[in-house]
$ cat protein_39.pdb   # PDB, C-alpha atoms
ATOM      1  CA  MET A  20     -25.408 -21.867  17.724
ATOM      2  CA  THR A  21     -22.276 -20.816  19.569
ATOM      3  CA  HIS A  22     -19.723 -18.548  18.015
ATOM      4  CA  GLN A  23     -16.120 -19.554  17.588
ATOM      5  CA  VAL A  24     -13.071 -17.417  18.172
ATOM      6  CA  HIS A  25     -10.089 -18.712  16.213
ATOM      7  CA  ALA A  26      -7.186 -17.091  18.074
ATOM      8  CA  PHE A  27      -3.584 -17.217  16.878
ATOM      9  CA  GLU A  28      -1.393 -15.263  19.281
ATOM     10  CA  PRO A  29       0.980 -15.384  17.427
ATOM     11  CA  PRO A  30       0.400 -17.524  14.303
ATOM     12  CA  GLU A  31       3.164 -19.528  12.632
ATOM     13  CA  ARG A  32       1.942 -18.003   9.358
ATOM     14  CA  PHE A  33      -0.658 -15.327   8.557
ATOM     15  CA  VAL A  34      -1.152 -14.350   4.912
ATOM     16  CA  ALA A  35      -3.564 -12.988   2.350
ATOM     17  CA  GLY A  36      -3.949 -15.163  -0.727
ATOM     18  CA  THR A  37      -6.281 -16.117  -3.545
ATOM     19  CA  VAL A  38      -7.818 -19.139  -5.178
ATOM     20  CA  GLY A  39      -8.852 -19.085  -8.837
ATOM     21  CA  PRO A  40      -7.756 -17.335 -12.037
ATOM     22  CA  PRO A  41      -7.521 -13.507 -12.316
ATOM     23  CA  GLY A  42     -10.987 -12.037 -12.671
ATOM     24  CA  GLU A  43     -12.506 -14.939 -10.752
ATOM     25  CA  ARG A  44     -10.239 -14.940  -7.699
ATOM     26  CA  THR A  45     -11.583 -15.521  -4.214
ATOM     27  CA  PHE A  46      -9.539 -13.713  -1.565
ATOM     28  CA  PHE A  47      -8.679 -15.297   1.775
ATOM     29  CA  LEU A  48      -6.931 -14.505   5.017
ATOM     30  CA  GLN A  49      -5.268 -17.647   6.309
ATOM     31  CA  ALA A  50      -3.761 -18.306   9.726
ATOM     32  CA  ARG A  51      -1.776 -21.395  10.689
ATOM     33  CA  GLY A  52      -0.464 -22.421  14.074
ATOM     34  CA  GLY A  53      -0.597 -25.130  16.708
ATOM     35  CA  GLY A  54      -1.688 -27.733  14.172
ATOM     36  CA  ARG A  55      -4.696 -25.629  13.134
ATOM     37  CA  LEU A  56      -5.421 -23.961   9.783
ATOM     38  CA  VAL A  57      -8.157 -21.331   9.446
ATOM     39  CA  SER A  58      -9.135 -19.653   6.164
ATOM     40  CA  VAL A  59     -11.707 -16.853   5.941
ATOM     41  CA  ALA A  60     -12.994 -15.352   2.678
ATOM     42  CA  LEU A  61     -13.164 -11.627   2.043
ATOM     43  CA  GLU A  62     -13.315  -9.069  -0.751
ATOM     44  CA  LYS A  63     -10.301  -7.722  -2.643
ATOM     45  CA  VAL A  64     -11.069  -4.212  -1.366
ATOM     46  CA  GLN A  65     -10.956  -5.512   2.221
ATOM     47  CA  VAL A  66      -7.471  -6.985   1.679
ATOM     48  CA  SER A  67      -6.315  -3.699   0.152
ATOM     49  CA  LEU A  68      -7.840  -1.619   2.973
ATOM     50  CA  LEU A  69      -6.423  -3.915   5.635
ATOM     51  CA  ALA A  70      -2.891  -3.455   4.257
ATOM     52  CA  GLU A  71      -3.399   0.314   4.064
ATOM     53  CA  LYS A  72      -4.821   0.618   7.588
ATOM     54  CA  LEU A  73      -2.126  -1.676   9.039
ATOM     55  CA  GLU A  74       0.499   0.616   7.514
ATOM     56  CA  GLU A  75      -1.224   3.647   9.122
ATOM     57  CA  LEU A  76      -1.445   1.817  12.465
ATOM     58  CA  LEU A  77       2.290   0.983  12.453
ATOM     59  CA  THR A  78       3.135   4.596  11.583
ATOM     60  CA  GLU A  79       0.865   5.898  14.357
ATOM     61  CA  ALA A  80       2.324   3.416  16.889
ATOM     62  CA  HIS A  81       5.796   4.632  15.945
ATOM     63  CA  ARG A  82       4.758   8.288  16.294
ATOM     64  CA  ARG A  83       2.882   7.909  19.592
ATOM     65  CA  PHE A  84       4.733   5.121  21.376
ATOM     66  CA  GLY A  85       8.153   5.047  19.691
ATOM     67  CA  VAL A  86       7.580   1.529  18.377
ATOM     68  CA  GLU A  87      10.458   0.562  16.086
ATOM     69  CA  LEU A  88       9.217   0.359  12.503
ATOM     70  CA  PRO A  89      10.654  -2.621  10.641
ATOM     71  CA  GLU A  90      12.075  -2.224   7.155
ATOM     72  CA  ALA A  91      10.115  -3.618   4.233
ATOM     73  CA  PRO A  92      11.019  -7.300   3.888
ATOM     74  CA  VAL A  93      13.663  -8.265   1.358
ATOM     75  CA  ALA A  94      12.184 -10.095  -1.648
ATOM     76  CA  VAL A  95      14.361 -13.147  -0.857
ATOM     77  CA  THR A  96      12.702 -13.623   2.552
ATOM     78  CA  SER A  97       9.177 -12.801   1.367
ATOM     79  CA  ASP A  98       6.497 -15.478   1.669
ATOM     80  CA  ASN A  99       5.377 -16.116  -1.911
ATOM     81  CA  GLU A 100       4.069 -19.603  -1.238
ATOM     82  CA  PRO A 101       0.455 -20.435  -2.126
ATOM     83  CA  LEU A 102      -2.189 -20.783   0.567
ATOM     84  CA  ASP A 103      -1.943 -23.951   2.637
ATOM     85  CA  THR A 104      -4.409 -26.619   1.562
ATOM     86  CA  PRO A 105      -7.132 -27.501   2.060
ATOM     87  CA  VAL A 106      -8.579 -23.990   1.786
ATOM     88  CA  ASP A 107     -11.861 -24.526   3.635
ATOM     89  CA  GLU A 108     -13.763 -21.277   4.166
ATOM     90  CA  GLU A 109     -14.702 -20.937   7.852
ATOM     91  CA  PHE A 110     -16.790 -17.837   7.176
ATOM     92  CA  ARG A 111     -17.013 -14.698   5.021
ATOM     93  CA  VAL A 112     -15.586 -11.588   6.679
ATOM     94  CA  GLY A 113     -18.002  -8.709   7.279
ATOM     95  CA  THR A 114     -15.929  -6.505   9.587
ATOM     96  CA  LEU A 115     -12.212  -6.088  10.125
ATOM     97  CA  GLY A 116     -10.906  -4.620  13.365
ATOM     98  CA  LEU A 117      -7.412  -3.380  14.147
ATOM     99  CA  ALA A 118      -5.774  -2.407  17.409
ATOM    100  CA  PHE A 119      -2.287  -1.842  18.742
ATOM    101  CA  ASP A 120      -1.524  -3.469  22.088
ATOM    102  CA  VAL A 121       0.918  -1.091  23.799
ATOM    103  CA  ASP A 122       1.889  -3.560  26.560
ATOM    104  CA  THR A 123       3.117  -6.243  24.166
ATOM    105  CA  ALA A 124       3.941  -3.923  21.213
ATOM    106  CA  THR A 125       1.843  -6.129  18.935
ATOM    107  CA  VAL A 126      -0.850  -5.537  16.347
ATOM    108  CA  VAL A 127      -4.183  -7.288  16.848
ATOM    109  CA  ILE A 128      -6.240  -8.035  13.741
ATOM    110  CA  GLU A 129      -9.770  -9.319  14.091
ATOM    111  CA  ALA A 130     -11.815 -10.603  11.151
ATOM    112  CA  ILE A 131     -15.460 -10.928  12.161
ATOM    113  CA  ALA A 132     -17.994 -12.971  10.205
ATOM    114  CA  ALA A 133     -20.601 -11.111   8.184
ATOM    115  CA  GLY A 134     -23.949 -10.969   9.947
ATOM    116  CA  GLU A 135     -27.257 -11.422   8.161
ATOM    117  CA  ALA A 136     -27.456  -7.903   6.708
ATOM    118  CA  GLU A 137     -23.792  -7.027   6.971
ATOM    119  CA  ALA A 138     -21.372  -6.733   4.075
ATOM    120  CA  GLU A 139     -19.605  -3.418   4.567
ATOM    121  CA  VAL A 140     -15.931  -2.899   5.252
ATOM    122  CA  GLU A 141     -15.375  -1.361   8.652
ATOM    123  CA  LEU A 142     -11.802  -0.705   9.632
ATOM    124  CA  GLY A 143     -11.069   1.096  12.849
ATOM    125  CA  ALA A 144      -7.613   1.641  14.230
ATOM    126  CA  GLY A 145      -7.450   1.824  17.993
ATOM    127  CA  GLU A 146      -4.143   2.335  19.736
ATOM    128  CA  ASP A 147      -5.156   0.744  23.011
ATOM    129  CA  ASP A 148      -5.609  -2.846  24.063
ATOM    130  CA  VAL A 149      -8.387  -4.858  22.508
ATOM    131  CA  ASP A 150     -11.077  -5.020  25.170
ATOM    132  CA  GLU A 151     -11.816  -8.734  25.409
ATOM    133  CA  ASP A 152     -14.987  -8.180  27.480
ATOM    134  CA  GLU A 153     -16.681  -5.811  25.099
ATOM    135  CA  GLU A 154     -17.341  -7.667  21.864
ATOM    136  CA  PRO A 155     -20.113  -6.016  19.863
ATOM    137  CA  ASP A 156     -21.226  -9.121  17.953
ATOM    138  CA  ASP A 157     -20.891 -11.967  20.424
ATOM    139  CA  ASP A 158     -22.866 -14.304  18.189
ATOM    140  CA  LEU A 159     -20.494 -14.037  15.209
ATOM    141  CA  ASP A 160     -17.436 -16.181  14.481
ATOM    142  CA  ARG A 161     -14.120 -14.376  14.415
ATOM    143  CA  LEU A 162     -10.476 -14.859  13.580
ATOM    144  CA  ARG A 163      -8.090 -13.041  15.936
ATOM    145  CA  VAL A 164      -4.403 -12.757  15.109
ATOM    146  CA  ARG A 165      -1.654 -11.048  17.115
ATOM    147  CA  LEU A 166       1.393  -9.981  15.080
ATOM    148  CA  THR A 167       4.725  -8.347  15.828
ATOM    149  CA  PRO A 168       5.394  -5.141  13.846
ATOM    150  CA  GLN A 169       7.795  -7.177  11.652
ATOM    151  CA  ALA A 170       5.147  -9.831  10.919
ATOM    152  CA  ALA A 171       2.608  -7.059  10.206
ATOM    153  CA  ARG A 172       5.055  -5.486   7.732
ATOM    154  CA  GLU A 173       5.483  -8.860   5.979
ATOM    155  CA  PHE A 174       1.680  -9.282   5.836
ATOM    156  CA  ILE A 175       1.291  -5.782   4.298
ATOM    157  CA  ASP A 176       3.959  -6.502   1.681
ATOM    158  CA  ARG A 177       2.390  -9.808   0.605
ATOM    159  CA  ALA A 178      -1.183  -8.436   0.684
ATOM    160  CA  ARG A 179      -0.184  -5.629  -1.685
ATOM    161  CA  ARG A 180       1.477  -8.108  -4.068
ATOM    162  CA  VAL A 181      -1.599 -10.371  -3.998
ATOM    163  CA  VAL A 182      -3.965  -7.471  -4.775
ATOM    164  CA  ALA A 183      -1.696  -6.189  -7.582
ATOM    165  CA  ALA A 184      -1.342  -9.660  -9.146
ATOM    166  CA  GLY A 185      -4.826  -9.597 -10.660
ATOM    167  CA  ARG A 186      -5.904  -8.435 -14.082
ATOM    168  CA  PRO A 187      -3.965  -5.457 -15.418
ATOM    169  CA  PRO A 188      -5.872  -2.148 -15.461
ATOM    170  CA  CYS A 189      -7.075  -0.583 -18.720
ATOM    171  CA  PRO A 190      -4.735   2.343 -19.508
ATOM    172  CA  LEU A 191      -7.736   4.528 -20.379
ATOM    173  CA  CYS A 192     -10.369   3.843 -17.701
ATOM    174  CA  GLY A 193      -8.506   1.864 -15.017
ATOM    175  CA  GLN A 194     -11.033  -0.977 -14.963
ATOM    176  CA  PRO A 195      -9.582  -4.516 -15.002
ATOM    177  CA  LEU A 196      -8.809  -5.914 -18.459
ATOM    178  CA  ASP A 197     -10.001  -9.414 -19.256
ATOM    179  CA  PRO A 198      -7.788 -11.527 -21.554
ATOM    180  CA  ALA A 199     -10.312 -10.825 -24.350
ATOM    181  CA  GLY A 200     -10.287  -7.055 -23.597
ATOM    182  CA  HIS A 201     -13.312  -5.124 -22.394
ATOM    183  CA  LEU A 202     -15.840  -2.508 -23.424
ATOM    184  CA  CYS A 203     -14.076   0.634 -22.297
ATOM    185  CA  PRO A 204     -16.383   3.495 -21.274
ATOM    186  CA  ARG A 205     -13.757   5.925 -22.618
ATOM    187  CA  HIS A 206     -14.399   4.475 -26.109
ATOM    188  CA  ASN A 207     -18.138   4.783 -25.748
ATOM    189  CA  GLY A 208     -18.496   0.990 -25.867
ATOM    190  CA  TYR A 209     -16.510   0.468 -29.057
ATOM    191  CA  HIS A 210     -13.502  -1.830 -29.349
ATOM    192  CA  ARG A 211     -10.410  -0.337 -30.929
TER     193      ARG A 211
END

$ encode --input "protein_39.pdb" --output "structure tokens"
Amino acid sequence: MTHQVHAFEPPERFVAGTVGPPGERTFFLQARGGGRLVSVALEKVQVSLLAEKLEELLTEAHRRFGVELPEAPVAVTSDNEPLDTPVDEEFRVGTLGLAFDVDTATVVIEAIAAGEAEAEVELGAGEDDVDEDEEPDDDLDRLRVRLTPQAAREFIDRARRVVAAGRPPCPLCGQPLDPAGHLCPRHNGYHR
């Protein structure tokens, strides 16, 4: 079986989004461009980490290379639209890679399919070009997206909103509250 590289350099749209009600949401990264639509599934923690690491990468690129950091997008211009349909999962993400391409002043995000025994979140931030020749898992599908710093900032903003839009946290233990409440460990298993 040959692996597929879904490359969007740059995409018309690249967003994090969800399908399903809070508590049962499936998280996706979705790229659209050139008449193609690719959706890959991942965990909520991966979306959160990706936004955090992208923020660190932009800050580091600014510090080391003087890359202009864009302002946070204004709420009016923010992409709050749902995921494009149909949302067909190409693969489940095992590894996320990040790099900053100094020559083009762009961020490269790579979502690599989970291998047989792989399910961990691995985020590395390299400041150099992505080395196209040296791909560790040649037999795995991947989604590669190249974003301007402004597009990366918009992705971060939306990803954080998507992660925060889930179930509200319990004020005592911080675990997500279901509509019916939950057995809070701080109450020793008793409901109030």

$ resolve_selection --input "protein_39.pdb" --expression "the PyMOL selection byres ((chain A and resi 59) around 10)" --output "PyMOL selection string"
chain A and resi 35+46-50+57-58+60-61+106-112+130-132+161-162

$ write_last_selection --input "protein_39.pdb" --atoms "C-alpha atoms" --output "short mmCIF file (atom, residue, chain, number, x, y, z; two decimals), in the frame of the given file"
data_model
loop_
_atom_site.label_atom_id
_atom_site.label_comp_id
_atom_site.auth_asym_id
_atom_site.auth_seq_id
_atom_site.Cartn_x
_atom_site.Cartn_y
_atom_site.Cartn_z
CA ALA A 35 -3.56 -12.99 2.35
CA PHE A 46 -9.54 -13.71 -1.56
CA PHE A 47 -8.68 -15.30 1.78
CA LEU A 48 -6.93 -14.50 5.02
CA GLN A 49 -5.27 -17.65 6.31
CA ALA A 50 -3.76 -18.31 9.73
CA VAL A 57 -8.16 -21.33 9.45
CA SER A 58 -9.14 -19.65 6.16
CA ALA A 60 -12.99 -15.35 2.68
CA LEU A 61 -13.16 -11.63 2.04
CA VAL A 106 -8.58 -23.99 1.79
CA ASP A 107 -11.86 -24.53 3.64
CA GLU A 108 -13.76 -21.28 4.17
CA GLU A 109 -14.70 -20.94 7.85
CA PHE A 110 -16.79 -17.84 7.18
CA ARG A 111 -17.01 -14.70 5.02
CA VAL A 112 -15.59 -11.59 6.68
CA ALA A 130 -11.82 -10.60 11.15
CA ILE A 131 -15.46 -10.93 12.16
CA ALA A 132 -17.99 -12.97 10.20
CA ARG A 161 -14.12 -14.38 14.42
CA LEU A 162 -10.48 -14.86 13.58
#

$ resolve_selection --input "protein_39.pdb" --expression "the PyMOL selection byres ((chain A and resi 203) around 12)" --output "list in words"
Pro188, Cys189, Pro190, Leu191, Cys192, Gly193, Gln194, Pro195, Leu196, Asp197, Gly200, His201, Leu202, Pro204, Arg205, His206, Asn207, Gly208, Tyr209, His210 and Arg211 of chain A

$ resolve_selection --input "protein_39.pdb" --expression "the PyMOL selection byres ((chain A and resi 125) around 7)" --output "PyMOL selection string"
chain A and resi 119-120+123-124+126-127+165-168

$ closest_residue --input "protein_39.pdb" --among "A:Ala199, A:Ala183, A:Ala170, A:Ala178" --to "Gln65 (chain A)" --atoms "only C-alpha atoms"
A:Ala178

$ residues_around --input "protein_39.pdb" --residues "region 68-84 of chain A" --least-positions-apart "3" --cutoff "8 Å" --atoms "all atoms listed in the file" --output "list in words"
Val64, Gln65, Glu87, Leu88, Leu115, Leu117, Ala118, Phe119, Val121, Leu142, Ala144, Glu146, Pro168, Ala171, Arg172, Phe174, Ile175, Asp176, Ala178 and Arg179 of chain A

$ residues_near_point --input "protein_39.pdb" --point "(-1.4, -20.7, 4.5)" --cutoff "7 Å" --atoms "only C-alpha atoms" --output "VMD selection string"
chain A and resid 32 to 34 49 to 51 101 to 103

$ closest_residue --input "protein_39.pdb" --among "A:Ala184, A:Val38, A:Val164, A:Val66" --to "Val24 (chain A)" --atoms "all atoms listed in the file"
A:Val164

$ atom_distance --input "protein_39.pdb" --atom1 "CA of Ala26 (chain A)" --atom2 "CA of Gly116 (chain A)"
13.8 Å

$ atom_distance --input "protein_39.pdb" --atom1 "CA of Gly185 (chain A)" --atom2 "CA of Asn99 (chain A)"
14.9 Å

$ closest_residue --input "protein_39.pdb" --among "A:Gly85, A:Pro41, A:Ser67, A:Gln23" --to "Pro198 (chain A)" --atoms "only C-alpha atoms"
A:Pro41

$ atom_distance --input "protein_39.pdb" --atom1 "CA of Gly53 (chain A)" --atom2 "CA of Gln169 (chain A)"
20.5 Å
